[in-house]
file upload-v2.json (JSON, C-alpha atoms and all ligand atoms)
[["chain", "number", "residue", "atom", "x", "y", "z"],
["O", 1, "MET", "CA", 193.06, 141.05, 89.90],
["O", 2, "PRO", "CA", 192.68, 141.60, 93.68],
["O", 3, "MET", "CA", 189.43, 140.40, 95.23],
["O", 4, "ALA", "CA", 186.81, 142.99, 95.98],
["O", 5, "LYS", "CA", 186.94, 143.92, 99.65],
["O", 6, "THR", "CA", 183.17, 143.81, 100.09],
["O", 7, "GLU", "CA", 183.10, 140.03, 99.70],
["O", 8, "THR", "CA", 184.36, 139.32, 103.22],
["O", 9, "THR", "CA", 181.81, 141.74, 104.71],
["O", 10, "GLU", "CA", 178.99, 140.05, 102.82],
["O", 11, "THR", "CA", 179.92, 136.57, 103.96],
["O", 12, "THR", "CA", 180.03, 137.53, 107.65],
["O", 13, "GLU", "CA", 176.65, 139.23, 107.44],
["O", 14, "THR", "CA", 174.73, 136.47, 105.66],
["O", 15, "THR", "CA", 171.85, 134.83, 107.47],
["O", 16, "CYS", "CA", 172.66, 131.59, 109.28],
["O", 17, "THR", "CA", 171.88, 128.69, 106.95],
["O", 18, "LEU", "CA", 171.16, 126.30, 109.82],
["O", 19, "CYS", "CA", 168.26, 128.28, 111.29],
["O", 20, "GLU", "CA", 167.65, 130.94, 108.63],
["O", 21, "GLY", "CA", 168.12, 133.59, 111.28],
["O", 22, "THR", "CA", 165.44, 132.34, 113.67],
["O", 23, "GLY", "CA", 167.95, 131.12, 116.28],
["O", 24, "TRP", "CA", 166.17, 127.74, 116.44],
["O", 25, "THR", "CA", 166.76, 124.49, 114.52],
["O", 26, "LEU", "CA", 164.84, 121.28, 114.15],
["O", 27, "ILE", "CA", 166.82, 118.14, 114.87],
["O", 28, "GLU", "CA", 165.78, 114.52, 114.77],
["O", 29, "GLU", "CA", 166.66, 112.27, 117.69],
["O", 30, "GLU", "CA", 165.52, 108.64, 117.64],
["O", 31, "GLY", "CA", 162.77, 109.46, 115.19],
["O", 32, "VAL", "CA", 161.48, 112.42, 117.22],
["O", 33, "GLU", "CA", 161.76, 116.00, 115.98],
["O", 34, "LEU", "CA", 163.14, 118.38, 118.60],
["O", 35, "VAL", "CA", 163.58, 122.14, 118.61],
["O", 36, "ARG", "CA", 167.05, 123.28, 119.67],
["O", 37, "ARG", "CA", 168.78, 126.61, 120.09],
["O", 38, "CYS", "CA", 170.99, 127.10, 117.02],
["O", 39, "GLU", "CA", 174.78, 127.34, 117.35],
["O", 40, "CYS", "CA", 174.67, 130.87, 115.95],
["O", 41, "ALA", "CA", 172.50, 132.00, 118.89],
["O", 42, "GLU", "CA", 175.10, 130.69, 121.28],
["O", 43, "GLY", "CA", 177.74, 132.66, 119.39],
["O", 44, "ARG", "CA", 175.69, 135.83, 119.79],
["O", 45, "THR", "CA", 175.25, 135.15, 123.52],
["O", 46, "ARG", "CA", 179.01, 134.72, 123.91],
["O", 47, "GLN", "CA", 179.63, 137.98, 122.07],
["O", 48, "ARG", "CA", 177.15, 139.85, 124.27],
["O", 49, "LEU", "CA", 178.63, 138.40, 127.47],
["O", 50, "LEU", "CA", 182.15, 139.36, 126.36],
["O", 51, "GLU", "CA", 181.02, 142.90, 125.63],
["O", 52, "GLN", "CA", 179.39, 143.17, 129.07],
["O", 53, "ALA", "CA", 182.35, 141.66, 130.93],
["O", 54, "GLY", "CA", 184.12, 144.99, 131.46],
["O", 55, "ILE", "CA", 187.48, 143.78, 130.17],
["O", 56, "PRO", "CA", 189.73, 146.84, 129.62],
["O", 57, "ALA", "CA", 190.75, 147.44, 125.99],
["O", 58, "ARG", "CA", 194.41, 147.31, 126.97],
["O", 59, "TYR", "CA", 194.10, 143.68, 128.01],
["O", 60, "ARG", "CA", 191.80, 142.29, 125.29],
["O", 61, "HIS", "CA", 194.76, 141.03, 123.28],
["O", 62, "CYS", "CA", 195.96, 138.90, 126.20],
["O", 63, "THR", "CA", 195.96, 135.14, 125.69],
["O", 64, "LEU", "CA", 197.82, 132.31, 127.38],
["O", 65, "ASP", "CA", 199.59, 131.67, 124.06],
["O", 66, "SER", "CA", 200.93, 135.23, 124.00],
["O", 67, "PHE", "CA", 202.34, 134.94, 127.53],
["O", 68, "GLU", "CA", 206.09, 134.69, 126.95],
["O", 69, "LEU", "CA", 208.50, 132.80, 129.14],
["O", 70, "TRP", "CA", 210.84, 135.68, 128.50],
["O", 71, "ASN", "CA", 213.14, 135.43, 131.48],
["O", 72, "PRO", "CA", 214.99, 132.11, 131.71],
["O", 73, "GLU", "CA", 216.10, 132.98, 135.23],
["O", 74, "ASP", "CA", 212.51, 133.12, 136.46],
["O", 75, "PRO", "CA", 210.92, 129.67, 136.94],
["O", 76, "THR", "CA", 207.73, 131.22, 138.33],
["O", 77, "LEU", "CA", 206.69, 132.33, 134.81],
["O", 78, "ALA", "CA", 206.34, 128.77, 133.48],
["O", 79, "LYS", "CA", 204.96, 127.43, 136.75],
["O", 80, "THR", "CA", 202.24, 130.07, 136.94],
["O", 81, "LEU", "CA", 201.36, 129.78, 133.24],
["O", 82, "ARG", "CA", 200.97, 126.01, 133.66],
["O", 83, "ALA", "CA", 198.71, 126.43, 136.68],
["O", 84, "VAL", "CA", 196.52, 129.00, 134.88],
["O", 85, "GLN", "CA", 196.31, 126.72, 131.80],
["O", 86, "GLU", "CA", 195.23, 123.87, 134.05],
["O", 87, "PHE", "CA", 192.61, 126.10, 135.67],
["O", 88, "VAL", "CA", 191.19, 126.92, 132.22],
["O", 89, "ASP", "CA", 191.21, 123.28, 131.11],
["O", 90, "LEU", "CA", 189.40, 122.10, 134.23],
["O", 91, "TYR", "CA", 186.85, 124.93, 134.40],
["O", 92, "PRO", "CA", 184.13, 124.58, 135.73],
["O", 93, "ALA", "CA", 184.98, 121.25, 137.37],
["O", 94, "ASP", "CA", 187.27, 122.73, 140.01],
["O", 95, "ASP", "CA", 185.67, 125.13, 142.48],
["O", 96, "LYS", "CA", 189.00, 126.75, 143.42],
["O", 97, "GLY", "CA", 189.93, 130.08, 141.90],
["O", 98, "LEU", "CA", 193.38, 131.65, 141.77],
["O", 99, "LEU", "CA", 195.19, 134.28, 143.79],
["O", 100, "LEU", "CA", 197.93, 135.73, 141.58],
["O", 101, "MET", "CA", 200.51, 137.54, 143.67],
["O", 102, "GLY", "CA", 203.53, 139.48, 142.50],
["O", 103, "SER", "CA", 205.11, 142.88, 142.07],
["O", 104, "VAL", "CA", 204.29, 145.35, 139.29],
["O", 105, "GLY", "CA", 204.45, 144.27, 135.66],
["O", 106, "THR", "CA", 204.96, 140.57, 136.31],
["O", 107, "GLY", "CA", 201.95, 139.55, 134.17],
["O", 108, "LYS", "CA", 199.21, 138.95, 136.76],
["O", 109, "THR", "CA", 196.46, 140.86, 134.97],
["O", 110, "HIS", "CA", 197.56, 139.43, 131.61],
["O", 111, "LEU", "CA", 197.12, 135.87, 132.89],
["O", 112, "ALA", "CA", 193.84, 136.55, 134.70],
["O", 113, "VAL", "CA", 192.27, 138.22, 131.65],
["O", 114, "ALA", "CA", 193.63, 135.53, 129.31],
["O", 115, "ALA", "CA", 191.98, 132.84, 131.43],
["O", 116, "LEU", "CA", 188.72, 134.77, 131.68],
["O", 117, "GLN", "CA", 188.53, 135.37, 127.91],
["O", 118, "GLN", "CA", 189.46, 131.82, 126.93],
["O", 119, "ILE", "CA", 186.81, 130.39, 129.25],
["O", 120, "MET", "CA", 184.18, 132.84, 127.97],
["O", 121, "ARG", "CA", 185.03, 132.02, 124.35],
["O", 122, "GLU", "CA", 185.26, 128.26, 124.63],
["O", 123, "LYS", "CA", 183.18, 126.78, 127.42],
["O", 124, "THR", "CA", 179.62, 125.55, 126.92],
["O", 125, "PRO", "CA", 177.20, 126.69, 128.21],
["O", 126, "PRO", "CA", 178.51, 130.26, 127.80],
["O", 127, "VAL", "CA", 180.04, 131.66, 130.98],
["O", 128, "ARG", "CA", 178.97, 134.96, 132.57],
["O", 129, "GLY", "CA", 182.38, 136.44, 133.27],
["O", 130, "ARG", "CA", 183.25, 139.82, 134.75],
["O", 131, "PHE", "CA", 186.37, 141.90, 135.21],
["O", 132, "ALA", "CA", 186.55, 144.46, 138.02],
["O", 133, "ASP", "CA", 189.41, 146.68, 139.02],
["O", 134, "PHE", "CA", 189.55, 146.94, 142.80],
["O", 135, "THR", "CA", 190.48, 150.64, 142.92],
["O", 136, "ALA", "CA", 187.75, 151.60, 140.47],
["O", 137, "LEU", "CA", 185.27, 149.48, 142.39],
["O", 138, "VAL", "CA", 186.19, 151.16, 145.68],
["O", 139, "LEU", "CA", 185.71, 154.59, 144.09],
["O", 140, "GLU", "CA", 182.37, 153.58, 142.59],
["O", 141, "ILE", "CA", 181.17, 152.32, 145.96],
["O", 142, "GLN", "CA", 182.38, 155.48, 147.69],
["O", 143, "MET", "CA", 180.43, 157.59, 145.22],
["O", 144, "THR", "CA", 177.22, 155.90, 146.34],
["O", 145, "PHE", "CA", 177.79, 157.10, 149.92],
["O", 146, "ASP", "CA", 175.75, 160.28, 149.38],
["O", 147, "GLY", "CA", 172.77, 158.17, 148.35],
["O", 148, "SER", "CA", 173.03, 159.01, 144.62],
["O", 149, "GLY", "CA", 173.24, 155.36, 143.64],
["O", 150, "SER", "CA", 173.06, 151.95, 145.16],
["O", 151, "SER", "CA", 176.17, 150.01, 146.07],
["O", 152, "ARG", "CA", 174.08, 146.86, 145.73],
["O", 153, "ASP", "CA", 173.48, 147.67, 142.04],
["O", 154, "ILE", "CA", 177.24, 147.98, 141.57],
["O", 155, "LEU", "CA", 178.00, 144.76, 143.40],
["O", 156, "ARG", "CA", 175.16, 142.58, 142.09],
["O", 157, "PRO", "CA", 176.69, 141.72, 138.68],
["O", 158, "LEU", "CA", 180.00, 140.99, 140.39],
["O", 159, "ILE", "CA", 178.36, 138.77, 142.99],
["O", 160, "GLU", "CA", 176.32, 136.93, 140.37],
["O", 161, "ALA", "CA", 179.05, 136.39, 137.75],
["O", 162, "ASP", "CA", 180.02, 132.76, 137.20],
["O", 163, "LEU", "CA", 183.63, 133.81, 137.00],
["O", 164, "LEU", "CA", 185.00, 137.10, 138.35],
["O", 165, "VAL", "CA", 188.43, 138.66, 137.95],
["O", 166, "LEU", "CA", 189.04, 141.05, 140.85],
["O", 167, "ASP", "CA", 192.19, 142.87, 139.80],
["O", 168, "GLU", "CA", 194.58, 144.72, 142.14],
["O", 169, "LEU", "CA", 193.07, 143.47, 145.38],
["O", 170, "GLY", "CA", 194.04, 145.76, 148.26],
["O", 171, "ALA", "CA", 195.08, 148.72, 146.09],
["O", 172, "GLY", "CA", 193.97, 152.28, 146.75],
["O", 173, "LYS", "CA", 192.42, 153.86, 149.80],
["O", 174, "THR", "CA", 189.50, 152.20, 151.47],
["O", 175, "THR", "CA", 187.33, 153.01, 154.46],
["O", 176, "PRO", "CA", 185.83, 150.52, 156.94],
["O", 177, "TRP", "CA", 182.42, 151.03, 155.31],
["O", 178, "VAL", "CA", 183.81, 150.13, 151.84],
["O", 179, "MET", "CA", 185.71, 147.18, 153.30],
["O", 180, "ASP", "CA", 182.46, 145.83, 154.72],
["O", 181, "LEU", "CA", 180.92, 145.89, 151.25],
["O", 182, "LEU", "CA", 183.96, 144.21, 149.72],
["O", 183, "TYR", "CA", 183.79, 141.58, 152.41],
["O", 184, "TYR", "CA", 180.13, 141.09, 151.48],
["O", 185, "LEU", "CA", 181.17, 140.58, 147.81],
["O", 186, "VAL", "CA", 183.92, 138.09, 148.60],
["O", 187, "ASN", "CA", 181.94, 136.27, 151.27],
["O", 188, "THR", "CA", 178.82, 135.88, 149.13],
["O", 189, "ARG", "CA", 180.88, 134.39, 146.30],
["O", 190, "TYR", "CA", 182.56, 132.17, 148.89],
["O", 191, "LEU", "CA", 179.24, 130.97, 150.28],
["O", 192, "GLU", "CA", 177.82, 130.36, 146.80],
["O", 193, "GLY", "CA", 180.94, 128.52, 145.67],
["O", 194, "ARG", "CA", 181.52, 130.93, 142.75],
["O", 195, "VAL", "CA", 184.99, 131.02, 141.28],
["O", 196, "THR", "CA", 187.11, 134.17, 141.50],
["O", 197, "LEU", "CA", 190.52, 135.11, 140.13],
["O", 198, "PHE", "CA", 192.26, 137.70, 142.28],
["O", 199, "THR", "CA", 195.44, 139.58, 141.48],
["O", 200, "THR", "CA", 197.41, 141.60, 144.01],
["O", 201, "ASN", "CA", 200.67, 143.47, 144.43],
["O", 202, "PHE", "CA", 200.65, 142.71, 148.13],
["O", 203, "SER", "CA", 202.33, 139.67, 149.58],
["O", 204, "ASP", "CA", 201.54, 137.73, 152.73],
["O", 205, "PHE", "CA", 204.44, 139.39, 154.49],
["O", 206, "ALA", "CA", 204.77, 143.04, 155.34],
["O", 207, "ARG", "CA", 208.12, 144.37, 154.09],
["O", 208, "GLY", "CA", 209.46, 147.61, 155.47],
["O", 209, "GLN", "CA", 206.84, 150.25, 154.75],
["O", 210, "THR", "CA", 204.77, 147.93, 152.55],
["O", 211, "GLU", "CA", 201.79, 146.37, 154.24],
["O", 212, "SER", "CA", 200.79, 142.74, 153.83],
["O", 213, "LEU", "CA", 197.65, 141.63, 151.98],
["O", 214, "THR", "CA", 196.01, 140.92, 155.35],
["O", 215, "ASP", "CA", 196.82, 144.48, 156.48],
["O", 216, "ARG", "CA", 195.17, 145.77, 153.31],
["O", 217, "VAL", "CA", 192.01, 143.69, 153.12],
["O", 218, "SER", "CA", 191.49, 142.39, 156.68],
["O", 219, "ALA", "CA", 192.15, 138.94, 158.09],
["O", 220, "ARG", "CA", 188.63, 137.74, 157.43],
["O", 221, "ILE", "CA", 188.91, 138.34, 153.66],
["O", 222, "ARG", "CA", 192.45, 136.93, 153.47],
["O", 223, "SER", "CA", 191.34, 133.86, 155.40],
["O", 224, "ARG", "CA", 188.53, 133.12, 152.96],
["O", 225, "LEU", "CA", 190.94, 133.42, 150.03],
["O", 226, "TYR", "CA", 192.93, 130.46, 151.38],
["O", 227, "GLU", "CA", 189.88, 128.30, 150.85],
["O", 228, "MET", "CA", 188.63, 129.93, 147.64],
["O", 229, "CYS", "CA", 191.89, 130.05, 145.73],
["O", 230, "ARG", "CA", 195.16, 128.44, 144.81],
["O", 231, "ARG", "CA", 197.97, 130.86, 145.53],
["O", 232, "LEU", "CA", 200.35, 131.54, 142.64],
["O", 233, "GLU", "CA", 203.33, 133.79, 142.95],
["O", 234, "LEU", "CA", 205.15, 135.56, 140.14],
["O", 235, "ARG", "CA", 208.54, 136.52, 141.53],
["O", 236, "GLY", "CA", 210.12, 137.90, 138.38],
["O", 237, "ARG", "CA", 210.83, 141.33, 137.02],
["O", 238, "ASP", "CA", 208.71, 144.04, 135.40],
["O", 239, "TYR", "CA", 207.86, 143.06, 131.79],
["O", 240, "ARG", "CA", 206.76, 146.62, 131.10],
["O", 241, "ALA", "CA", 210.15, 148.07, 132.04],
["O", 242, "GLU", "CA", 212.27, 145.34, 130.48],
["O", 243, "ARG", "CA", 210.40, 144.41, 127.31],
["O", 244, "LEU", "CA", 207.75, 146.95, 126.40],
["O", 245, "ALA", "CA", 209.77, 150.11, 127.06],
["O", 246, "SER", "CA", 212.43, 149.11, 124.54],
["O", 247, "ARG", "CA", 209.92, 148.14, 121.87],
["O", 248, "GLU", "CA", 209.28, 150.57, 119.05],
["O", 249, "GLY", "CA", 206.15, 152.59, 119.79],
["O", 250, "GLY", "CA", 206.28, 151.77, 123.49],
["O", 251, "LEU", "CA", 203.17, 150.31, 125.11],
["O", 252, "HIS", "CA", 200.75, 148.60, 122.80],
["O", 253, "LEU", "CA", 197.03, 148.07, 123.13],
["F", 301, "LIG", "N1", 205.21, 137.05, 130.22],
["F", 301, "LIG", "C1", 204.62, 137.95, 129.46],
["F", 301, "LIG", "N2", 204.45, 137.74, 128.13],
["F", 301, "LIG", "C2", 203.85, 138.67, 127.37],
["F", 301, "LIG", "N3", 203.38, 139.84, 127.82],
["F", 301, "LIG", "C3", 203.52, 140.11, 129.12],
["F", 301, "LIG", "C4", 204.13, 139.18, 130.02],
["F", 301, "LIG", "N4", 204.12, 139.72, 131.25],
["F", 301, "LIG", "C5", 203.54, 140.91, 131.14],
["F", 301, "LIG", "N5", 203.16, 141.15, 129.87],
["F", 301, "LIG", "C6", 202.56, 142.37, 129.35],
["F", 301, "LIG", "O1", 203.11, 143.44, 130.10],
["F", 301, "LIG", "C7", 202.11, 144.37, 130.51],
["F", 301, "LIG", "C8", 202.05, 144.38, 132.02],
["F", 301, "LIG", "O2", 201.57, 143.11, 132.50],
["F", 301, "LIG", "P1", 200.38, 143.01, 133.54],
["F", 301, "LIG", "O3", 199.53, 144.21, 133.44],
["F", 301, "LIG", "O4", 199.74, 141.69, 133.42],
["F", 301, "LIG", "O5", 201.23, 143.08, 134.90],
["F", 301, "LIG", "P2", 200.69, 143.05, 136.38],
["F", 301, "LIG", "O6", 201.46, 141.99, 137.08],
["F", 301, "LIG", "O7", 199.22, 142.96, 136.40],
["F", 301, "LIG", "O8", 201.19, 144.46, 136.91],
["F", 301, "LIG", "P3", 200.52, 145.45, 138.00],
["F", 301, "LIG", "O9", 200.88, 144.88, 139.33],
["F", 301, "LIG", "O10", 201.21, 146.76, 137.75],
["F", 301, "LIG", "O11", 199.05, 145.47, 137.77],
["F", 301, "LIG", "C9", 200.83, 143.93, 129.83],
["F", 301, "LIG", "O12", 200.73, 144.62, 128.61],
["F", 301, "LIG", "C10", 201.05, 142.44, 129.58],
["F", 301, "LIG", "O13", 200.32, 141.99, 128.44],
["F", 302, "MG", "MG", 197.74, 144.20, 137.00],
["F", 303, "ZN", "ZN", 171.52, 129.75, 113.29]]

call {"tool": "encode", "arguments": {"input": "upload-v2.json", "output": "structure tokens", "more": "lines below"}}
Ligand SMILES: Nc1ncnc2c1ncn2[C@@H]1O[C@H](COP(=O)(O)OP(=O)(O)OP(=O)(O)O)[C@@H](O)[C@H]1O
Ligand SMILES: [Mg+2]
Ligand SMILES: [Zn+2]
result
Amino acid sequence: MPMAKTETTETTETTCTLCEGTGWTLIEEEGVELVRRCECAEGRTRQRLLEQAGIPARYRHCTLDSFELWNPEDPTLAKTLRAVQEFVDLYPADDKGLLLMGSVGTGKTHLAVAALQQIMREKTPPVRGRFADFTALVLEIQMTFDGSGSSRDILRPLIEADLLVLDELGAGKTTPWVMDLLYYLVNTRYLEGRVTLFTTNFSDFARGQTESLTDRVSARIRSRLYEMCRRLELRGRDYRAERLASREGGLHL
């Protein structure tokens, strides 16, 4: 007879046996009784931080394990994956973040989100991580121009996050006023030694009509990135076009 489905639900909802739901446990250390935060409370904190991190649904499935070395002609896949894995392993010991560069669909956001999620799930104490899309951030800041909201309120959680993914750096249309605020975000994290993972479609060299990253975000931001980040370049082809388009059902969440 198949097992009743309710059983699994019941087991996940039972009260923690270590602390009986209080979130605190008594432990004995060298004959002294100490009160400690229970493991289950840490689990709840992690869950809350992950929910607040702003990771787009489309990228929640991304892990380093699911990053395929699908193109044998592209050595940058393995090299970049190894560097991101090393970043995760060392976190928070190394104060350098990553600057993932490459053209569309090469896996930059996948790797950045995978690193962010693995660190938020595994590291103790729990890490306050955040994901922000550059274009969306620029729009949000621009909407505060009429005084309806405060750009500081938008930037504060991004400035204060232990680990920030700033995706698509340099994308979209910016104004000098918005660039000043973005400089303030990057520079404050730089001054505070907070770690940031950047992704960008722009390279350090302008090609034809395409501007360079410096053209897009100003020399003073680009210059700080040299110090804040290790530069990783994905030089391969578009995974979306070559792998996802042919898959049944097309893009997956
Ligand atoms: N090597 C890979 N293994 C598995 N999935 C991959 C790989 N590369 C990319 N993908 C998947 O392909 C899609 C596109 O990748 P991703 O969004 O990371 O590209 P990107 O470099 O950030 O592109 P863009 O510059 O357009 O933002 C995602 O669904 C991602 O999970
Ligand atoms: Mg991307
Ligand atoms: Zn407990």

call {"tool": "residues_near_ligand", "arguments": {"input": "upload-v2.json", "ligand": "ligand ZN 303 (chain F)", "cutoff": "7 Å", "atoms": "only C-alpha atoms and all ligand atoms", "output": "ChimeraX atom specification"}}
result
/O:16-24,38-41

call {"tool": "axis_aligned_box", "arguments": {"input": "upload-v2.json", "around": "segment 220-228 of chain O", "padding_each_side": "3 Å", "output": "AutoDock Vina command-line options"}}
result
--center_x 190.7 --center_y 133.3 --center_z 152.5 --size_x 10.4 --size_y 16.0 --size_z 15.8

call {"tool": "residues_near_ligand", "arguments": {"input": "upload-v2.json", "ligand": "ligand LIG 301 (chain F)", "cutoff": "6 Å", "atoms": "only C-alpha atoms and all ligand atoms", "output": "list in words"}}
result
Cys62, Ser66, Phe67, Glu68, Leu69, Ser103, Val104, Gly105, Thr106, Gly107, Lys108, Thr109, His110, Asn201, Tyr239 and Arg240 of chain O

call {"tool": "atom_distance", "arguments": {"input": "upload-v2.json", "atom1": "atom CA of Ser223 of chain O", "atom2": "atom CA of Leu99 of chain O"}}
result
12.2 Å

call {"tool": "residues_near_ligand", "arguments": {"input": "upload-v2.json", "ligand": "ligand MG 302 (chain F)", "cutoff": "12 Å", "atoms": "all atoms listed in the file", "output": "MDAnalysis selection string"}}
result
chainID O and resid 56 58:59 100:113 131:135 165:171 198:202 234 238:240

call {"tool": "atom_distance", "arguments": {"input": "upload-v2.json", "atom1": "atom CA of Gly149 of chain O", "atom2": "atom CA of Gly193 of chain O"}}
result
28.0 Å

call {"tool": "closest_residue", "arguments": {"input": "upload-v2.json", "among": "O:Ser203, O:Ser151, O:Gln52, O:Ser212", "to": "Leu181 of chain O", "atoms": "all atoms listed in the file"}}
result
O:Ser151

call {"tool": "atom_distance", "arguments": {"input": "upload-v2.json", "atom1": "atom CA of Thr124 of chain O", "atom2": "atom CA of Asp94 of chain O"}}
result
15.4 Å

call {"tool": "closest_residue", "arguments": {"input": "upload-v2.json", "among": "O:Leu139, O:Cys229, O:Leu185, O:Val84", "to": "Leu158 of chain O", "atoms": "only C-alpha atoms"}}
result
O:Leu185

call {"tool": "closest_residue", "arguments": {"input": "upload-v2.json", "among": "O:Thr25, O:Thr174, O:Thr196, O:Ser218", "to": "Phe87 of chain O", "atoms": "only C-alpha atoms"}}
result
O:Thr196

call {"tool": "closest_residue", "arguments": {"input": "upload-v2.json", "among": "O:Glu122, O:Arg44, O:Glu233, O:Leu49", "to": "Pro157 of chain O", "atoms": "all atoms listed in the file"}}
result
O:Leu49

call {"tool": "closest_residue", "arguments": {"input": "upload-v2.json", "among": "O:Thr188, O:Thr45, O:Thr80, O:Thr210", "to": "Leu232 of chain O", "atoms": "all atoms listed in the file"}}
result
O:Thr80

call {"tool": "residues_around", "arguments": {"input": "upload-v2.json", "residues": "Asp65 of chain O", "least_positions_apart": "5", "cutoff": "10 Å", "atoms": "all atoms listed in the file", "output": "list in words"}}
result
Leu81, Gln85 and Ala114 of chain O
